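Asks: my_file.tsv is reproduced below (TSV, C-alpha atoms and all ligand atoms).
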```
chain	number	residue	atom	x	y	z
B	268	MET	CA	0.00	0.00	0.00
B	269	PHE	CA	1.22	3.47	-0.60
B	270	LEU	CA	-0.14	6.93	-0.71
B	271	GLY	CA	0.25	9.00	-3.75
B	272	GLY	CA	-1.07	11.98	-5.61
B	273	GLY	CA	-4.09	11.21	-7.80
B	274	GLY	CA	-3.51	10.90	-11.49
B	275	ALA	CA	-5.59	12.36	-14.26
B	276	LYS	CA	-7.57	9.14	-14.69
B	277	ARG	CA	-11.12	9.00	-13.23
B	278	VAL	CA	-10.91	6.60	-10.28
B	279	VAL	CA	-13.61	5.34	-7.88
B	280	CYS	CA	-13.02	4.53	-4.17
B	281	SER	CA	-13.67	0.83	-3.47
B	282	GLY	CA	-14.88	1.81	0.00
B	283	CYS	CA	-17.49	4.55	-0.47
B	284	GLY	CA	-17.89	4.47	-4.23
B	285	GLY	CA	-17.08	8.19	-4.41
B	286	GLN	CA	-14.66	9.62	-6.86
B	287	VAL	CA	-10.99	9.84	-6.05
B	288	GLN	CA	-10.02	13.15	-7.55
B	289	GLY	CA	-6.69	14.31	-8.80
B	290	GLY	CA	-4.55	15.98	-6.18
B	291	MET	CA	-6.08	13.91	-3.34
B	292	GLU	CA	-4.15	11.41	-1.32
B	293	TYR	CA	-5.43	7.91	-1.76
B	294	VAL	CA	-4.53	4.32	-1.15
B	295	THR	CA	-3.84	2.16	-4.13
B	296	LEU	CA	-3.51	-1.58	-4.21
B	297	ARG	CA	-2.90	-4.31	-6.78
B	298	ASP	CA	-0.94	-2.11	-9.13
B	299	GLY	CA	-3.55	0.58	-9.11
B	300	ALA	CA	-6.52	-1.71	-9.81
B	301	VAL	CA	-8.04	-0.85	-6.43
B	302	CYS	CA	-8.20	2.58	-4.82
B	303	PHE	CA	-9.45	3.89	-1.47
B	304	HIS	CA	-9.75	7.24	0.21
B	305	PRO	CA	-7.40	6.88	3.22
B	306	GLN	CA	-10.39	7.12	5.63
B	307	CYS	CA	-12.24	4.43	3.59
B	308	PHE	CA	-9.47	1.86	3.76
B	309	ARG	CA	-10.82	-0.03	6.78
B	310	CYS	CA	-10.46	-3.36	8.50
B	311	ALA	CA	-13.33	-5.70	7.56
B	312	LEU	CA	-13.42	-6.90	11.12
B	313	CYS	CA	-13.14	-3.94	13.49
B	314	HIS	CA	-13.96	-1.31	10.83
B	315	GLY	CA	-11.07	0.84	12.05
B	316	VAL	CA	-8.94	2.67	9.49
B	317	ILE	CA	-5.86	0.78	8.40
B	318	PRO	CA	-3.19	3.51	8.60
B	319	ALA	CA	-0.80	4.17	5.78
B	320	ASN	CA	2.39	2.16	5.75
B	321	THR	CA	1.22	-0.48	8.23
B	322	ALA	CA	0.91	-4.15	7.47
B	323	PHE	CA	-2.51	-5.45	6.54
B	324	THR	CA	-3.79	-8.86	5.59
B	325	THR	CA	-6.17	-10.35	3.11
B	326	ASP	CA	-7.80	-13.70	3.69
B	327	PRO	CA	-6.17	-16.24	1.38
B	328	LYS	CA	-9.47	-18.16	1.36
B	329	GLU	CA	-11.46	-15.20	0.06
B	330	SER	CA	-11.45	-14.40	-3.62
B	331	THR	CA	-8.97	-11.71	-4.59
B	332	THR	CA	-11.77	-9.46	-5.77
B	333	SER	CA	-13.78	-9.55	-2.55
B	334	GLY	CA	-11.91	-6.45	-1.43
B	335	ARG	CA	-11.78	-7.40	2.23
B	336	TYR	CA	-8.72	-6.20	4.14
B	337	TYR	CA	-7.82	-6.67	7.79
B	338	HIS	CA	-5.48	-5.30	10.42
B	339	THR	CA	-3.01	-8.17	10.73
B	340	SER	CA	-3.73	-8.44	14.46
B	341	CYS	CA	-7.51	-8.55	13.87
B	342	PHE	CA	-7.07	-11.23	11.25
B	343	HIS	CA	-5.08	-13.44	13.62
B	344	GLN	CA	-7.58	-12.93	16.42
B	345	ILE	CA	-10.13	-14.60	14.18
B	346	HIS	CA	-8.15	-17.07	12.18
B	347	SER	CA	-5.33	-18.26	14.45
B	348	PRO	CA	-5.97	-21.50	16.29
B	349	GLU	CA	-7.04	-21.24	19.90
B	350	CYS	CA	-5.13	-23.19	22.55
B	351	CYS	CA	-7.34	-25.95	24.00
B	352	VAL	CA	-5.75	-25.52	27.42
B	353	CYS	CA	-5.55	-21.76	28.10
B	354	HIS	CA	-7.93	-20.67	25.26
B	355	GLU	CA	-5.55	-17.91	24.15
B	356	LYS	CA	-5.11	-17.34	20.44
B	357	MET	CA	-1.82	-18.78	19.25
B	358	LEU	CA	-0.30	-15.92	17.25
B	359	PRO	CA	2.53	-16.02	14.72
B	360	ASN	CA	6.05	-15.40	15.96
B	361	ALA	CA	8.44	-12.81	14.48
B	362	SER	CA	8.96	-14.90	11.38
B	363	GLY	CA	5.23	-15.25	10.82
B	364	VAL	CA	5.04	-18.89	11.89
B	365	ILE	CA	2.43	-20.11	14.37
B	366	GLU	CA	4.02	-22.71	16.61
B	367	TYR	CA	1.85	-25.12	18.52
B	368	ALA	CA	1.60	-28.79	19.47
B	369	VAL	CA	-1.21	-31.24	18.70
B	370	THR	CA	-2.47	-34.24	20.67
B	371	PRO	CA	-2.53	-37.48	18.69
B	372	PHE	CA	-5.97	-38.68	17.57
B	373	TRP	CA	-7.93	-35.83	19.17
B	374	ASN	CA	-6.06	-33.08	17.30
B	375	GLN	CA	-6.24	-30.70	20.22
B	376	LYS	CA	-4.02	-27.73	19.42
B	377	PHE	CA	-2.13	-26.25	22.33
B	378	CYS	CA	0.74	-23.88	23.27
B	379	ARG	CA	3.98	-25.81	23.53
B	380	SER	CA	4.51	-24.41	27.01
B	381	HIS	CA	1.78	-26.73	28.37
B	382	GLN	CA	4.02	-29.70	27.66
B	383	ARG	CA	6.12	-28.57	30.62
B	384	ASP	CA	3.79	-26.68	32.94
B	385	GLY	CA	2.10	-29.65	34.56
B	386	THR	CA	-1.08	-29.52	32.47
B	387	ARG	CA	-2.86	-32.81	33.10
B	388	LYS	CA	-4.09	-35.37	30.62
B	389	CYS	CA	-7.18	-37.48	31.00
B	390	PHE	CA	-6.20	-40.81	32.49
B	391	ALA	CA	-8.50	-42.70	30.14
B	392	CYS	CA	-8.39	-40.87	26.81
B	393	ASN	CA	-5.24	-38.73	27.06
B	394	ARG	CA	-7.03	-35.47	26.24
B	395	LEU	CA	-5.49	-32.35	27.78
B	396	GLU	CA	-7.22	-30.53	30.58
B	397	SER	CA	-8.82	-27.24	29.60
B	398	ARG	CA	-8.56	-24.46	32.20
B	399	ALA	CA	-12.19	-23.67	31.50
B	400	GLU	CA	-13.34	-27.22	32.16
B	401	PRO	CA	-11.12	-28.89	34.76
B	402	HIS	CA	-10.81	-32.65	34.88
B	403	VAL	CA	-12.21	-34.50	37.86
B	404	VAL	CA	-10.14	-36.63	40.21
B	405	LEU	CA	-11.50	-39.73	41.84
B	406	ALA	CA	-11.07	-40.11	45.55
B	407	GLU	CA	-8.76	-43.05	46.06
B	408	SER	CA	-10.82	-45.27	48.23
B	409	SER	CA	-12.57	-48.57	47.78
B	410	SER	CA	-15.65	-47.37	49.61
B	411	PRO	CA	-18.57	-48.25	47.36
B	412	GLY	CA	-20.18	-44.81	47.66
B	413	ALA	CA	-17.11	-42.94	46.43
B	414	ARG	CA	-17.98	-40.52	43.63
B	415	ALA	CA	-16.07	-38.31	41.29
B	416	GLN	CA	-14.78	-35.29	43.19
B	417	PRO	CA	-13.84	-31.85	41.89
B	418	ARG	CA	-10.24	-31.15	41.07
B	419	GLY	CA	-7.95	-30.89	44.02
B	420	PHE	CA	-9.92	-33.26	46.19
B	421	THR	CA	-6.97	-35.64	46.36
B	422	ALA	CA	-3.39	-35.56	45.22
B	423	SER	CA	-4.04	-38.52	42.95
B	424	SER	CA	-2.88	-38.23	39.36
B	425	SER	CA	-5.90	-40.11	38.02
B	426	ALA	CA	-7.65	-37.14	36.44
B	427	LEU	CA	-10.53	-37.81	34.07
B	428	CYS	CA	-11.95	-35.42	31.50
B	429	LEU	CA	-15.63	-34.58	31.96
B	430	ASN	CA	-16.57	-36.71	29.01
B	431	CYS	CA	-14.90	-39.83	30.43
B	432	ALA	CA	-16.07	-39.05	33.97
B	433	GLU	CA	-19.69	-39.17	32.80
B	434	SER	CA	-19.72	-42.94	32.40
B	435	VAL	CA	-17.29	-43.90	35.14
B	436	VAL	CA	-17.67	-47.38	36.67
B	437	LEU	CA	-17.50	-47.18	40.46
B	438	THR	CA	-19.78	-49.67	42.12
B	439	ALA	CA	-20.16	-53.42	42.47
B	440	GLU	CA	-23.65	-53.13	40.96
B	441	ASP	CA	-22.22	-51.48	37.84
B	442	VAL	CA	-19.69	-54.30	37.63
B	443	SER	CA	-22.14	-57.19	37.94
B	444	HIS	CA	-24.42	-55.60	35.36
B	445	LEU	CA	-21.55	-55.08	32.90
B	446	TYR	CA	-20.20	-58.57	33.52
B	447	ARG	CA	-23.62	-60.03	32.62
B	448	GLU	CA	-23.44	-58.12	29.32
B	449	MET	CA	-19.89	-59.32	28.79
B	450	ARG	CA	-20.95	-62.95	29.24
B	451	GLU	CA	-23.54	-62.49	26.50
B	452	PHE	CA	-20.89	-61.05	24.21
B	453	PHE	CA	-18.64	-64.07	24.85
B	454	VAL	CA	-21.52	-66.47	24.21
B	455	LYS	CA	-21.84	-64.94	20.74
B	456	LEU	CA	-18.16	-65.75	20.20
B	457	GLY	CA	-18.78	-69.35	21.26
B	458	VAL	CA	-17.19	-68.99	24.69
B	459	SER	CA	-19.08	-69.63	27.87
B	460	LEU	CA	-17.82	-67.88	30.98
B	461	PRO	CA	-18.87	-68.84	34.51
B	462	LEU	CA	-21.85	-67.00	35.97
B	463	ASP	CA	-20.00	-66.15	39.12
B	464	LEU	CA	-16.58	-65.02	37.90
B	465	PRO	CA	-15.31	-62.83	40.78
B	466	VAL	CA	-14.78	-59.42	39.15
B	467	HIS	CA	-13.60	-56.69	41.54
B	468	LEU	CA	-12.79	-53.00	41.23
B	469	VAL	CA	-9.45	-52.02	42.74
B	470	ASP	CA	-7.52	-48.79	43.27
B	471	PRO	CA	-4.34	-48.17	41.24
B	472	GLY	CA	-2.08	-48.80	44.26
B	473	ALA	CA	-3.60	-52.20	44.95
B	474	LEU	CA	-3.51	-53.18	41.28
B	475	ASN	CA	0.16	-52.28	40.94
B	476	GLU	CA	1.03	-54.20	44.06
B	477	ARG	CA	-0.72	-57.33	42.79
B	478	ARG	CA	0.82	-56.86	39.39
B	479	GLN	CA	4.35	-56.73	40.80
B	480	ARG	CA	3.70	-59.87	42.78
B	481	CYS	CA	2.44	-61.61	39.65
B	482	ASP	CA	5.45	-60.52	37.64
B	483	THR	CA	3.37	-59.51	34.64
B	484	PRO	CA	5.37	-57.67	32.00
B	485	ASP	CA	4.53	-54.03	32.03
B	486	ASP	CA	6.26	-52.03	29.33
B	487	ASP	CA	4.60	-48.72	30.05
B	488	ASN	CA	3.69	-47.56	33.50
B	489	GLY	CA	1.58	-44.78	32.09
B	490	TYR	CA	3.25	-42.11	34.16
B	491	HIS	CA	3.30	-39.55	31.37
B	492	GLY	CA	-0.12	-40.16	29.93
B	493	ALA	CA	-2.85	-42.70	29.77
B	494	PRO	CA	-1.57	-46.12	30.74
B	495	HIS	CA	-2.07	-48.96	28.34
B	496	ILE	CA	-5.23	-50.95	28.57
B	497	HIS	CA	-3.26	-53.93	29.84
B	498	CYS	CA	-2.11	-52.07	32.95
B	499	MET	CA	-5.70	-51.60	34.04
B	500	GLY	CA	-6.70	-55.15	34.79
B	501	LEU	CA	-5.34	-58.39	36.15
B	502	THR	CA	-6.60	-61.96	36.31
B	503	LEU	CA	-5.48	-64.00	39.31
B	504	SER	CA	-5.59	-67.75	39.27
B	505	GLU	CA	-4.48	-70.73	41.22
B	506	GLU	CA	-3.34	-73.92	39.68
B	507	ARG	CA	-5.00	-76.90	41.22
B	508	THR	CA	-3.28	-80.22	41.06
B	509	THR	CA	-5.35	-83.26	41.77
B	510	VAL	CA	-3.25	-86.01	43.26
B	511	VAL	CA	-4.39	-89.55	43.87
B	512	ARG	CA	-2.68	-91.65	46.45
B	513	ARG	CA	-2.57	-95.30	45.62
B	514	ALA	CA	-2.18	-97.35	48.68
B	515	GLY	CA	0.35	-100.14	48.67
B	516	GLY	CA	-0.30	-103.30	50.63
B	517	LEU	CA	-1.22	-103.16	54.25
B	518	GLY	CA	1.30	-101.10	56.16
B	519	PHE	CA	3.48	-100.54	53.09
B	520	GLY	CA	4.23	-97.19	51.44
B	521	GLY	CA	1.93	-96.28	48.54
B	522	SER	CA	2.65	-94.11	45.48
B	523	THR	CA	1.10	-90.79	44.47
B	524	GLU	CA	0.08	-89.84	40.98
B	525	VAL	CA	-0.87	-86.49	39.50
B	526	VAL	CA	-4.25	-86.98	37.86
B	527	SER	CA	-5.05	-83.52	36.55
B	528	LYS	CA	-4.01	-79.88	36.62
B	529	THR	CA	-6.67	-77.22	36.34
B	530	SER	CA	-6.83	-73.53	37.17
B	531	ASP	CA	-9.28	-71.67	39.32
B	532	VAL	CA	-9.72	-68.01	38.56
B	533	THR	CA	-9.62	-66.50	42.02
B	534	ALA	CA	-10.24	-62.90	40.95
B	535	VAL	CA	-10.47	-60.59	37.96
B	536	LEU	CA	-9.30	-57.14	39.04
B	537	VAL	CA	-10.15	-54.02	37.04
B	538	LEU	CA	-9.10	-50.50	37.90
B	539	ARG	CA	-11.82	-48.54	39.66
B	540	GLY	CA	-12.97	-45.34	38.00
B	541	LEU	CA	-12.58	-46.20	34.32
B	542	PRO	CA	-15.17	-44.86	31.88
B	543	ARG	CA	-17.58	-47.57	30.74
B	544	LEU	CA	-16.10	-48.21	27.28
B	545	LEU	CA	-12.60	-48.58	28.64
B	546	PHE	CA	-13.79	-50.64	31.60
B	547	CYS	CA	-15.56	-53.06	29.28
B	548	SER	CA	-12.61	-53.43	26.93
B	549	VAL	CA	-10.34	-54.17	29.91
B	550	LEU	CA	-12.93	-56.62	31.21
B	551	ALA	CA	-13.11	-58.34	27.81
B	552	HIS	CA	-9.31	-58.65	27.82
B	553	GLU	CA	-9.26	-60.15	31.33
B	554	CYS	CA	-12.18	-62.47	30.55
B	555	GLY	CA	-9.99	-63.78	27.74
B	556	HIS	CA	-7.29	-64.68	30.28
B	557	ALA	CA	-9.90	-66.20	32.57
B	558	HIS	CA	-11.21	-68.31	29.69
B	559	PHE	CA	-7.77	-69.64	28.81
B	560	LYS	CA	-7.00	-70.39	32.46
B	561	LEU	CA	-10.31	-72.17	33.05
B	562	GLN	CA	-9.70	-74.26	29.97
B	563	GLY	CA	-6.66	-75.59	31.74
B	564	PHE	CA	-4.36	-74.64	28.92
B	565	HIS	CA	-1.10	-73.38	30.34
B	566	LYS	CA	1.47	-73.31	27.61
B	567	MET	CA	0.47	-70.44	25.37
B	568	ALA	CA	3.22	-67.98	24.44
B	569	LEU	CA	2.74	-64.67	26.24
B	570	LYS	CA	2.49	-62.76	22.96
B	571	THR	CA	-0.17	-65.14	21.65
B	572	GLU	CA	-2.28	-64.98	24.81
B	573	GLU	CA	-2.03	-61.20	25.26
B	574	GLY	CA	-2.62	-60.67	21.55
B	575	LEU	CA	-5.80	-62.74	21.70
B	576	CYS	CA	-7.00	-60.91	24.82
B	577	GLN	CA	-6.40	-57.59	23.06
B	578	LEU	CA	-8.36	-58.96	20.11
B	579	LEU	CA	-11.31	-59.68	22.44
B	580	ALA	CA	-11.12	-56.14	23.82
B	581	TYR	CA	-11.01	-54.78	20.26
B	582	LEU	CA	-13.95	-56.91	19.10
B	583	TRP	CA	-16.00	-55.81	22.08
B	584	LEU	CA	-15.36	-52.16	21.18
B	585	ARG	CA	-16.15	-52.86	17.54
B	586	GLN	CA	-19.54	-54.50	18.19
B	587	GLU	CA	-20.38	-51.61	20.51
B	588	GLY	CA	-20.44	-49.40	17.42
B	589	HIS	CA	-23.46	-51.29	16.11
B	590	CYS	CA	-25.61	-50.60	19.12
B	591	ARG	CA	-25.46	-47.42	21.07
B	592	ALA	CA	-22.36	-45.29	20.74
B	593	GLU	CA	-22.88	-41.80	19.33
B	594	GLY	CA	-21.29	-38.34	19.37
B	595	GLU	CA	-18.48	-37.94	21.90
B	596	ARG	CA	-18.93	-41.54	22.99
B	597	GLU	CA	-18.35	-42.66	19.44
B	598	ARG	CA	-15.09	-40.72	19.20
B	599	GLU	CA	-14.02	-42.21	22.51
B	600	ARG	CA	-14.79	-45.70	21.20
B	601	LEU	CA	-12.72	-45.11	18.06
B	602	TYR	CA	-9.91	-43.72	20.21
B	603	HIS	CA	-9.71	-46.91	22.28
B	604	MET	CA	-9.86	-49.13	19.18
B	605	ASN	CA	-7.15	-47.09	17.53
B	606	LYS	CA	-5.00	-47.33	20.63
B	607	ILE	CA	-5.14	-51.13	20.57
B	608	PHE	CA	-4.39	-51.19	16.85
B	609	GLU	CA	-1.43	-48.85	17.05
B	610	ASP	CA	0.14	-50.17	20.27
B	611	SER	CA	3.87	-50.29	19.61
B	612	SER	CA	4.69	-52.99	22.15
B	613	GLU	CA	5.82	-56.37	20.88
B	614	VAL	CA	3.62	-58.43	23.18
B	615	TYR	CA	0.39	-56.40	23.07
B	616	GLY	CA	0.70	-54.51	19.79
B	617	ALA	CA	2.34	-57.04	17.48
B	618	GLY	CA	0.54	-59.81	19.40
B	619	PHE	CA	-2.81	-58.14	18.71
B	620	ARG	CA	-2.10	-57.56	15.02
B	621	ALA	CA	-1.16	-61.23	14.53
B	622	ALA	CA	-4.34	-62.34	16.32
B	623	PHE	CA	-6.43	-59.85	14.33
B	624	GLU	CA	-5.05	-61.16	11.05
B	625	ALA	CA	-5.86	-64.76	12.05
B	626	HIS	CA	-9.35	-63.62	13.07
B	627	GLU	CA	-9.91	-61.93	9.70
B	628	ARG	CA	-8.96	-65.14	7.96
B	629	TYR	CA	-10.61	-67.82	10.08
B	630	GLY	CA	-13.17	-66.15	12.31
B	631	ILE	CA	-13.04	-65.83	16.05
B	632	SER	CA	-14.35	-69.24	17.14
B	633	ARG	CA	-11.81	-71.10	15.06
B	634	VAL	CA	-8.97	-68.89	16.29
B	635	LEU	CA	-9.96	-69.31	19.95
B	636	GLY	CA	-10.56	-73.04	19.54
B	637	HIS	CA	-7.22	-73.57	17.86
B	638	ALA	CA	-5.41	-71.48	20.49
B	639	SER	CA	-7.02	-73.40	23.35
B	640	LEU	CA	-6.06	-76.70	21.78
B	641	CYS	CA	-2.56	-76.00	20.48
B	642	GLY	CA	-1.52	-72.83	22.24
B	643	GLU	CA	-0.96	-71.09	18.92
B	644	LEU	CA	-2.75	-69.05	16.29
B	645	PRO	CA	-3.86	-71.06	13.25
B	646	GLU	CA	-1.32	-70.70	10.46
B	701	ZN	ZN	-14.04	6.39	-0.08
B	702	ZN	ZN	-9.21	-4.36	12.69
B	703	ZN	ZN	-2.24	-22.28	25.88
B	704	ZN	ZN	-11.09	-38.58	28.85
B	705	ZN	ZN	-3.37	-59.47	29.57
```
Produce structure tokens that represent the structure in this file.

Replies:
Amino acid sequence: MFLGGGGAKRVVCSGCGGQVQGGMEYVTLRDGAVCFHPQCFRCALCHGVIPANTAFTTDPKESTTSGRYYHTSCFHQIHSPECCVCHEKMLPNASGVIEYAVTPFWNQKFCRSHQRDGTRKCFACNRLESRAEPHVVLAESSSPGARAQPRGFTASSSALCLNCAESVVLTAEDVSHLYREMREFFVKLGVSLPLDLPVHLVDPGALNERRQRCDTPDDDNGYHGAPHIHCMGLTLSEERTTVVRRAGGLGFGGSTEVVSKTSDVTAVLVLRGLPRLLFCSVLAHECGHAHFKLQGFHKMALKTEEGLCQLLAYLWLRQEGHCRAEGERERERLYHMNKIFEDSSEVYGAGFRAAFEAHERYGISRVLGHASLCGELPE
């Protein structure tokens, strides 16, 4: 933009439509194709005059003939992305570049500074906490009446976004209801689970303690974000060996013989305070372990067994799409499915993808049947 003396040519102001007469100062743009009186060259947003020799902006998305011009700062107030944490506009730096970070899957845009300022993520879905809509923290207690508490109620790091907190599973009644539904899902896959499988909700501390005692591999403790689905549940079992004592002759030593080895599932533990979709996918995973244990099959490779259990969690989430998920719940469901699919761990991620491939080829009942019989996926 520059100001200049008017030429002899008859020129019309693109602002007011009045004539720009010779000898007047005026603003000319696009090699003289567009002219304004200086007081008519205004920001399309705030309608303030854009002073001579200051930067202005046109919207690259608008057609070049629309004639809309903006103060650069006004333009960025409208068009720059807003930070999902502090809700400030993220403005370009000195070189005109807008720098920000994005959460995977959810595409939340945020100022890079929040990566280091202690901004919390949702324990279940990994979404960042907005200052306008704080996450809730569950009181860490096994008391059945415990409910979601406002932020700051405890020092626990298990913060849930409001969306996830809406469907949180906290009571034994919730659990028995959801387990009944889970049994029906397994029946459809050709697997019958016991009516009275002991499913319990536990706090993170208790789960970790049991997990350490069970020596289950745990390749991500979830400290920096949402833990993996497989850190949220645990199936405990006891191997039962039936021994028969064969008596020798009267007063003589007999011999003992192992007749059978079976497993009792003593408890299925699932983290308390998970949103329903995540709870059910963890439950499906653990019910897979319970099924394999109850079948008395002990020699399955870890990767095969965990992969199959992840497959069950995935299939549960997938069928859920056919019944009731919608809106935010639907995005949450896709998030959890995606997380299983993209898991980078060898045991759970690669294990799942191998099981999924076998399932695509042979169907679930054949895959489970084959695994129970031979301890492997069908080739
Ligand atoms: Zn004018
Ligand atoms: Zn303006
Ligand atoms: Zn911010
Ligand atoms: Zn969440
Ligand atoms: Zn597992």

Asks: When you draw a straight line from CA of Lys560 in chain B to CA of Val435 in chain B, how long is it in Å?

Replies: 28.5 Å

Asks: Could you give me the residues within 8 Å of ligand ZN 701 (chain B), counting only C-alpha atoms and all ligand atoms, as a PDB file with C-alpha atoms, in the frame of the given file?

Replies:
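Here's the written file selection-v1.pdb:
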```pdb
ATOM      1  CA  VAL B 279     -13.610   5.340  -7.880  1.00  0.00           C
ATOM      2  CA  CYS B 280     -13.020   4.530  -4.170  1.00  0.00           C
ATOM      3  CA  SER B 281     -13.670   0.830  -3.470  1.00  0.00           C
ATOM      4  CA  GLY B 282     -14.880   1.810   0.000  1.00  0.00           C
ATOM      5  CA  CYS B 283     -17.490   4.550  -0.470  1.00  0.00           C
ATOM      6  CA  GLY B 284     -17.890   4.470  -4.230  1.00  0.00           C
ATOM      7  CA  GLY B 285     -17.080   8.190  -4.410  1.00  0.00           C
ATOM      8  CA  GLN B 286     -14.660   9.620  -6.860  1.00  0.00           C
ATOM      9  CA  VAL B 287     -10.990   9.840  -6.050  1.00  0.00           C
ATOM     10  CA  PHE B 303      -9.450   3.890  -1.470  1.00  0.00           C
ATOM     11  CA  HIS B 304      -9.750   7.240   0.210  1.00  0.00           C
ATOM     12  CA  PRO B 305      -7.400   6.880   3.220  1.00  0.00           C
ATOM     13  CA  GLN B 306     -10.390   7.120   5.630  1.00  0.00           C
ATOM     14  CA  CYS B 307     -12.240   4.430   3.590  1.00  0.00           C
ATOM     15  CA  PHE B 308      -9.470   1.860   3.760  1.00  0.00           C
TER      16      PHE B 308
END
```

Asks: Kindly indicate which residue among B:Phe546, B:Phe559, B:Trp373, B:Trp583 lies nearest to Ala391 in chain B, using all atoms listed in the file for the distances.

Replies: B:Phe546

Asks: Please indicate the distance in Å from CA of Glu587 in chain B to CA of Leu541 in chain B, rounded to one decimal place.

Replies: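 Computing it gives 16.8 Å between the two atoms.
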
Asks: Would you kindly return, as a PyMOL selection string, each protein, DNA or RNA residue with an atom no farther than 9 Å from any atom of Tyr367 in chain B, considering all atoms listed in the file and excluding same-chain residues fewer than 2 positions away?

Replies: chain B and resi 348+350+357+365+369+376-380

Asks: Could you check which of B:His552, B:Arg600, B:Arg585, B:His626 is closest to ligand ZN 705 (chain B), using all atoms listed in the file?

Replies: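 Comparing B:His552, B:Arg600, B:Arg585, B:His626 against ligand ZN 705 (chain B), the winner is B:His552.
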
Asks: Between CA of Pro542 in chain B and CA of Asp610 in chain B, what distance in Å does the model show, to one decimal?

Replies: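 According to the coordinates, CA of Pro542 in chain B and CA of Asp610 in chain B are separated by 19.9 Å.
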
Asks: I'd like the contact shell of Leu640 in chain B - 12 Å cut-off, only C-alpha atoms, skipping same-chain residues fewer than 4 positions apart - returned as number ranges by chain.

Replies: B: 559, 562-567, 633-636, 644-645
